[in-house]
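Novice: Following this message is one structure expressed as structure tokens.
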Amino acid sequence: MSEPGKLVIISGFSGVGKGTVIKELMRRYDEFFFSVSVTTRAPRPGEVHGREYLFLTEEEFQELAQSDRLLEYAGYTGSHYGTPADPVREHRQQGRHVLLDIEIQGAFQVRERCPDALTVFLIPPSAQVLYRRLVDRHTETQEKVRNRMLRSAEEAAYIEKYDCILVNEDLDTCVEQLHQVIQHPEMASHFREKNRERARALQEEIRALLKEVE
Ligand code: 5GP
């Protein structure tokens with residue numbers, strides 16, 4: 001029987017490009033399975049049920065959560081999100097590394113249940129870049145962009161609790177560093193230390209930027 005696959009949790013501020021990094025990692029390497037989450041938020045243009053998310057009603061979501069079929073779940077800017085437990089377990093058993101794109105509350109729940117999980121936080125090169133990416137994707141109203149930036153400012157306080165911090169400035173570099181850390185988890189702390197100061201500065205930058213755009 002093959003070795004069980006690893007569990008890799010990827011978090012990062014809304015707009016940092018987690019989805020793009022994950023897609024590119026999976027395009028380059030075939031040992032990964034992406035865990036499709038359930039959510040109560042509405043699909044964005046171009047999103048497909050079963051590919052980006054399983055889009056559920058609030059009742060459907062609560063039923064899943066209460067029947068203990070979610071590995072974790074959390075609220076995020078007015079909607080619920082959760083990770084179906086069965087696919088994660090089954091794919092790991094088959095030896096594939098499972099990727100979770102989840103926010104911090106969920107990440108800490110998973111770490112409680114699966115202490116061997118590797119946690120990675122992606123940060124943008126600057127707060128300005130993050131803000132522009134959110135505005136330029138034209139999927140959120142100005143108020144929602146602001147709420148997501150506010151949430152980022154809160155989340156910034158927890159970045160250092162992750163095993164690894166990576167900067168998504170150049171996609172190619174970020175994808176290769178992520179792959180390296182998954183292959184060699186002992187390198188995670190090297191990247192955390194390297195990017196720690198940048199993560200701290202970012203917290204201040206986000207707060208300052210939020211005041212400017214008020
Ligand atoms: P978005 O609405 O932009 O797709 O996602 C909003 C946030 O929810 C992101 O930070 C994303 O990582 C997080 N998220 C997506 N799926 C899950 C999930 O299953 N559980 C948790 N806890 N967070 C999730």
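Going through the structure tokens in order, the chains are called A, B, and so on, while each chain numbers its residues from 1 and the ligands are numbered from 1 in the order shown.
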Could you give me the residues within 8 Å of ligand 1, counting only C-alpha atoms and all ligand atoms, as an NGL selection string?
Specialist: :A and (10-15 or 18 or 36-39 or 41 or 52-53 or 72-77 or 80-84 or 100-107)
Novice: Residues of the last selection are to be written out with N, CA, C and O atoms, as a tab-separated table (two decimals), in the first residue's frame.
Specialist:
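Output file selection-v1.tsv follows:
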chain	number	residue	atom	x	y	z
A	10	ILE	N	-3.80	25.80	2.88
A	10	ILE	CA	-3.31	27.06	2.32
A	10	ILE	C	-4.30	28.17	2.67
A	10	ILE	O	-5.47	28.10	2.30
A	11	SER	N	-3.82	29.14	3.41
A	11	SER	CA	-4.66	30.29	3.75
A	11	SER	C	-3.99	31.54	3.21
A	11	SER	O	-2.82	31.52	2.82
A	12	GLY	N	-4.73	32.62	3.22
A	12	GLY	CA	-4.16	33.88	2.74
A	12	GLY	C	-5.30	34.86	2.57
A	12	GLY	O	-6.45	34.46	2.43
A	13	PHE	N	-4.97	36.15	2.55
A	13	PHE	CA	-6.01	37.17	2.44
A	13	PHE	C	-6.78	37.02	1.15
A	13	PHE	O	-6.23	36.58	0.13
A	14	SER	N	-8.04	37.45	1.21
A	14	SER	CA	-8.86	37.45	0.02
A	14	SER	C	-8.17	38.31	-1.04
A	14	SER	O	-7.77	39.45	-0.76
A	15	GLY	N	-7.97	37.77	-2.22
A	15	GLY	CA	-7.33	38.52	-3.30
A	15	GLY	C	-5.84	38.26	-3.43
A	15	GLY	O	-5.19	38.76	-4.34
A	18	LYS	N	-4.62	32.80	-3.98
A	18	LYS	CA	-4.51	31.39	-3.56
A	18	LYS	C	-4.98	30.45	-4.67
A	18	LYS	O	-4.34	29.45	-4.96
A	36	VAL	N	-12.76	20.36	-2.68
A	36	VAL	CA	-13.79	21.34	-3.05
A	36	VAL	C	-14.69	21.57	-1.82
A	36	VAL	O	-15.28	20.64	-1.29
A	37	SER	N	-14.75	22.81	-1.39
A	37	SER	CA	-15.51	23.16	-0.18
A	37	SER	C	-16.98	23.34	-0.49
A	37	SER	O	-17.37	23.55	-1.65
A	38	VAL	N	-17.78	23.33	0.56
A	38	VAL	CA	-19.18	23.74	0.43
A	38	VAL	C	-19.27	25.19	0.92
A	38	VAL	O	-18.50	25.60	1.79
A	39	THR	N	-20.17	25.96	0.32
A	39	THR	CA	-20.36	27.34	0.77
A	39	THR	C	-21.79	27.78	0.57
A	39	THR	O	-22.49	27.26	-0.31
A	41	ARG	N	-22.21	31.09	0.02
A	41	ARG	CA	-22.16	32.34	-0.76
A	41	ARG	C	-22.60	32.06	-2.20
A	41	ARG	O	-22.54	30.94	-2.67
A	52	GLU	N	-15.29	24.99	-8.32
A	52	GLU	CA	-14.75	25.93	-7.31
A	52	GLU	C	-15.33	25.59	-5.93
A	52	GLU	O	-14.62	25.55	-4.94
A	53	TYR	N	-16.64	25.39	-5.89
A	53	TYR	CA	-17.34	25.08	-4.64
A	53	TYR	C	-18.55	24.22	-4.95
A	53	TYR	O	-19.01	24.16	-6.09
A	72	GLU	N	-14.15	20.69	9.02
A	72	GLU	CA	-14.14	21.99	9.70
A	72	GLU	C	-15.15	22.87	9.01
A	72	GLU	O	-15.52	22.61	7.87
A	73	TYR	N	-15.58	23.94	9.67
A	73	TYR	CA	-16.38	24.95	8.99
A	73	TYR	C	-16.26	26.28	9.73
A	73	TYR	O	-15.89	26.31	10.90
A	74	ALA	N	-16.57	27.36	8.99
A	74	ALA	CA	-16.42	28.69	9.58
A	74	ALA	C	-17.29	29.69	8.83
A	74	ALA	O	-17.72	29.44	7.70
A	75	GLY	N	-17.51	30.84	9.48
A	75	GLY	CA	-18.20	31.94	8.82
A	75	GLY	C	-17.16	32.91	8.28
A	75	GLY	O	-16.09	33.08	8.88
A	76	TYR	N	-17.47	33.51	7.14
A	76	TYR	CA	-16.53	34.49	6.56
A	76	TYR	C	-17.35	35.55	5.84
A	76	TYR	O	-18.08	35.22	4.90
A	77	THR	N	-17.23	36.80	6.29
A	77	THR	CA	-17.95	37.96	5.74
A	77	THR	C	-19.39	37.61	5.32
A	77	THR	O	-19.79	37.84	4.18
A	80	HIS	N	-21.19	30.98	5.03
A	80	HIS	CA	-20.55	29.83	5.67
A	80	HIS	C	-19.74	29.03	4.65
A	80	HIS	O	-20.13	28.93	3.48
A	81	TYR	N	-18.64	28.47	5.13
A	81	TYR	CA	-17.76	27.66	4.29
A	81	TYR	C	-17.36	26.41	5.08
A	81	TYR	O	-17.16	26.49	6.29
A	82	GLY	N	-17.21	25.26	4.40
A	82	GLY	CA	-16.79	24.06	5.12
A	82	GLY	C	-16.13	23.04	4.21
A	82	GLY	O	-16.30	23.06	2.98
A	83	THR	N	-15.35	22.14	4.82
A	83	THR	CA	-14.61	21.11	4.08
A	83	THR	C	-15.25	19.74	4.27
A	83	THR	O	-15.24	19.22	5.40
A	84	PRO	N	-15.82	19.14	3.21
A	84	PRO	CA	-16.37	17.79	3.35
A	84	PRO	C	-15.26	16.81	3.78
A	84	PRO	O	-14.17	16.80	3.20
A	100	LEU	N	-6.13	22.13	0.89
A	100	LEU	CA	-7.30	22.85	1.38
A	100	LEU	C	-7.05	24.34	1.24
A	100	LEU	O	-6.03	24.83	1.73
A	101	ASP	N	-7.97	25.06	0.61
A	101	ASP	CA	-7.89	26.52	0.54
A	101	ASP	C	-8.93	27.03	1.54
A	101	ASP	O	-10.12	27.09	1.23
A	102	ILE	N	-8.49	27.31	2.77
A	102	ILE	CA	-9.45	27.67	3.82
A	102	ILE	C	-8.91	28.84	4.66
A	102	ILE	O	-7.71	29.09	4.69
A	103	GLU	N	-9.85	29.55	5.33
A	103	GLU	CA	-9.42	30.69	6.16
A	103	GLU	C	-8.93	30.20	7.53
A	103	GLU	O	-8.96	29.00	7.81
A	104	ILE	N	-8.50	31.17	8.34
A	104	ILE	CA	-7.75	30.78	9.55
A	104	ILE	C	-8.52	30.00	10.60
A	104	ILE	O	-7.96	29.08	11.19
A	105	GLN	N	-9.80	30.33	10.84
A	105	GLN	CA	-10.52	29.57	11.89
A	105	GLN	C	-10.59	28.10	11.51
A	105	GLN	O	-10.38	27.21	12.34
A	106	GLY	N	-10.87	27.86	10.23
A	106	GLY	CA	-10.94	26.48	9.73
A	106	GLY	C	-9.57	25.81	9.82
A	106	GLY	O	-9.45	24.64	10.17
A	107	ALA	N	-8.53	26.59	9.49
A	107	ALA	CA	-7.17	26.03	9.50
A	107	ALA	C	-6.83	25.52	10.90
A	107	ALA	O	-6.27	24.43	11.07
Novice: Taking the DSSP assignment computed from this structure's backbone, write out as a PyMOL selection string all residues of stretch 57-106 of chain A that belong to strand (DSSP E or B).
Specialist: chain A and resi 70-76+79-84+97-101
Novice: Tell me, which residues of stretch 20-205 of chain A carry DSSP alpha helix (DSSP H), written as a PyMOL selection string?
Specialist: chain A and resi 20-28+58-66+85-93+104-113+127-136+142-155+171-183+188-205
Novice: Go ahead and write the residues just picked, C-alpha atoms, as a CSV table (one decimal), in the first residue's frame.
Specialist:
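Resulting contents of out.csv:
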chain,number,residue,atom,x,y,z
A,20,THR,CA,-4.2,30.8,-9.0
A,21,VAL,CA,-1.3,29.4,-7.1
A,22,ILE,CA,-3.2,26.1,-6.3
A,23,LYS,CA,-4.3,25.7,-10.0
A,24,GLU,CA,-0.7,26.3,-11.2
A,25,LEU,CA,0.7,23.8,-8.6
A,26,MET,CA,-1.8,21.2,-9.8
A,27,ARG,CA,-1.1,21.9,-13.5
A,28,ARG,CA,2.7,21.3,-12.9
A,58,GLU,CA,-28.1,27.6,4.5
A,59,GLU,CA,-30.3,24.6,5.4
A,60,GLU,CA,-28.3,22.2,3.4
A,61,PHE,CA,-25.1,23.6,4.9
A,62,GLN,CA,-26.4,23.2,8.5
A,63,GLU,CA,-27.5,19.7,7.8
A,64,LEU,CA,-24.0,18.7,6.7
A,65,ALA,CA,-22.4,20.5,9.7
A,66,GLN,CA,-24.7,18.9,12.2
A,85,ALA,CA,-14.5,15.2,5.4
A,86,ASP,CA,-14.9,12.0,3.3
A,87,PRO,CA,-13.0,13.1,0.1
A,88,VAL,CA,-10.1,14.4,2.2
A,89,ARG,CA,-9.7,11.0,4.0
A,90,GLU,CA,-10.2,8.9,0.9
A,91,HIS,CA,-7.7,10.7,-1.2
A,92,ARG,CA,-5.1,10.8,1.5
A,93,GLN,CA,-5.5,7.0,1.9
A,104,ILE,CA,-7.7,30.8,9.6
A,105,GLN,CA,-10.5,29.6,11.9
A,106,GLY,CA,-10.9,26.5,9.7
A,107,ALA,CA,-7.2,26.0,9.5
A,108,PHE,CA,-6.9,25.9,13.3
A,109,GLN,CA,-9.8,23.4,13.6
A,110,VAL,CA,-8.1,21.1,11.1
A,111,ARG,CA,-4.8,21.4,12.9
A,112,GLU,CA,-6.5,20.2,16.1
A,113,ARG,CA,-7.9,17.2,14.3
A,127,ALA,CA,-1.4,46.0,0.9
A,128,GLN,CA,-1.8,48.2,-2.2
A,129,VAL,CA,-1.4,45.2,-4.5
A,130,LEU,CA,-4.0,43.3,-2.5
A,131,TYR,CA,-6.5,46.1,-2.7
A,132,ARG,CA,-6.0,46.5,-6.4
A,133,ARG,CA,-6.4,42.8,-7.0
A,134,LEU,CA,-9.7,42.8,-5.1
A,135,VAL,CA,-11.0,45.9,-6.9
A,136,ASP,CA,-9.8,44.7,-10.3
A,142,GLN,CA,-16.9,48.5,-2.8
A,143,GLU,CA,-18.4,47.6,0.6
A,144,LYS,CA,-17.5,43.9,0.2
A,145,VAL,CA,-13.9,44.8,-0.8
A,146,ARG,CA,-13.7,46.9,2.4
A,147,ASN,CA,-15.1,44.0,4.5
A,148,ARG,CA,-12.6,41.6,3.0
A,149,MET,CA,-9.7,44.1,3.7
A,150,LEU,CA,-11.0,44.5,7.3
A,151,ARG,CA,-11.0,40.8,7.7
A,152,SER,CA,-7.4,40.7,6.3
A,153,ALA,CA,-6.3,43.2,8.9
A,154,GLU,CA,-7.8,40.9,11.6
A,155,GLU,CA,-6.3,37.7,10.1
A,171,LEU,CA,3.6,33.2,-9.5
A,172,ASP,CA,6.4,30.9,-10.7
A,173,THR,CA,8.6,31.5,-7.6
A,174,CYS,CA,5.6,31.1,-5.2
A,175,VAL,CA,4.5,27.8,-6.8
A,176,GLU,CA,8.0,26.3,-6.7
A,177,GLN,CA,8.5,27.4,-3.1
A,178,LEU,CA,5.2,25.9,-2.1
A,179,HIS,CA,6.1,22.6,-3.9
A,180,GLN,CA,9.5,22.6,-2.2
A,181,VAL,CA,7.9,23.0,1.3
A,182,ILE,CA,5.4,20.3,0.7
A,183,GLN,CA,8.2,17.9,-0.3
A,188,ALA,CA,8.7,25.6,6.3
A,189,SER,CA,10.2,27.4,9.2
A,190,HIS,CA,13.0,28.8,7.0
A,191,PHE,CA,10.3,30.6,4.9
A,192,ARG,CA,8.4,31.6,7.9
A,193,GLU,CA,11.4,33.4,9.4
A,194,LYS,CA,12.4,34.9,6.1
A,195,ASN,CA,9.0,36.5,5.6
A,196,ARG,CA,8.0,37.2,9.1
A,197,GLU,CA,8.9,40.9,9.1
A,198,ARG,CA,7.2,41.4,5.8
A,199,ALA,CA,4.0,39.9,7.3
A,200,ARG,CA,4.2,42.2,10.3
A,201,ALA,CA,4.7,45.3,8.1
A,202,LEU,CA,1.7,44.3,6.0
A,203,GLN,CA,-0.7,44.3,9.0
A,204,GLU,CA,0.1,48.1,9.5
A,205,GLU,CA,-0.1,48.8,5.8
Novice: What is the distance between atom CA of A:Cys114 and atom CA of A:Leu7, in Å to one decimal?
Specialist: 8.3 Å
Novice: Under the rule that only C-alpha atoms are counted, which of A:Ala42, A:Cys164, A:Val98, A:Leu209 is the nearest residue to A:Gly78?
Specialist: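 Of A:Ala42, A:Cys164, A:Val98, A:Leu209, the one nearest A:Gly78, counting only C-alpha atoms, is A:Ala42.
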Novice: Could you work out how far atom CA of A:Phe121 lies from atom CA of A:Ile165, giving the answer in Å with one decimal?
Specialist: 4.9 Å
Novice: When distances are computed from only C-alpha atoms, which of A:Gln94, A:Val16, A:Asp68, A:Arg207 shows the smallest separation from A:Asn168?
Specialist: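 Using only C-alpha atoms, A:Asn168 sits closest to A:Val16.
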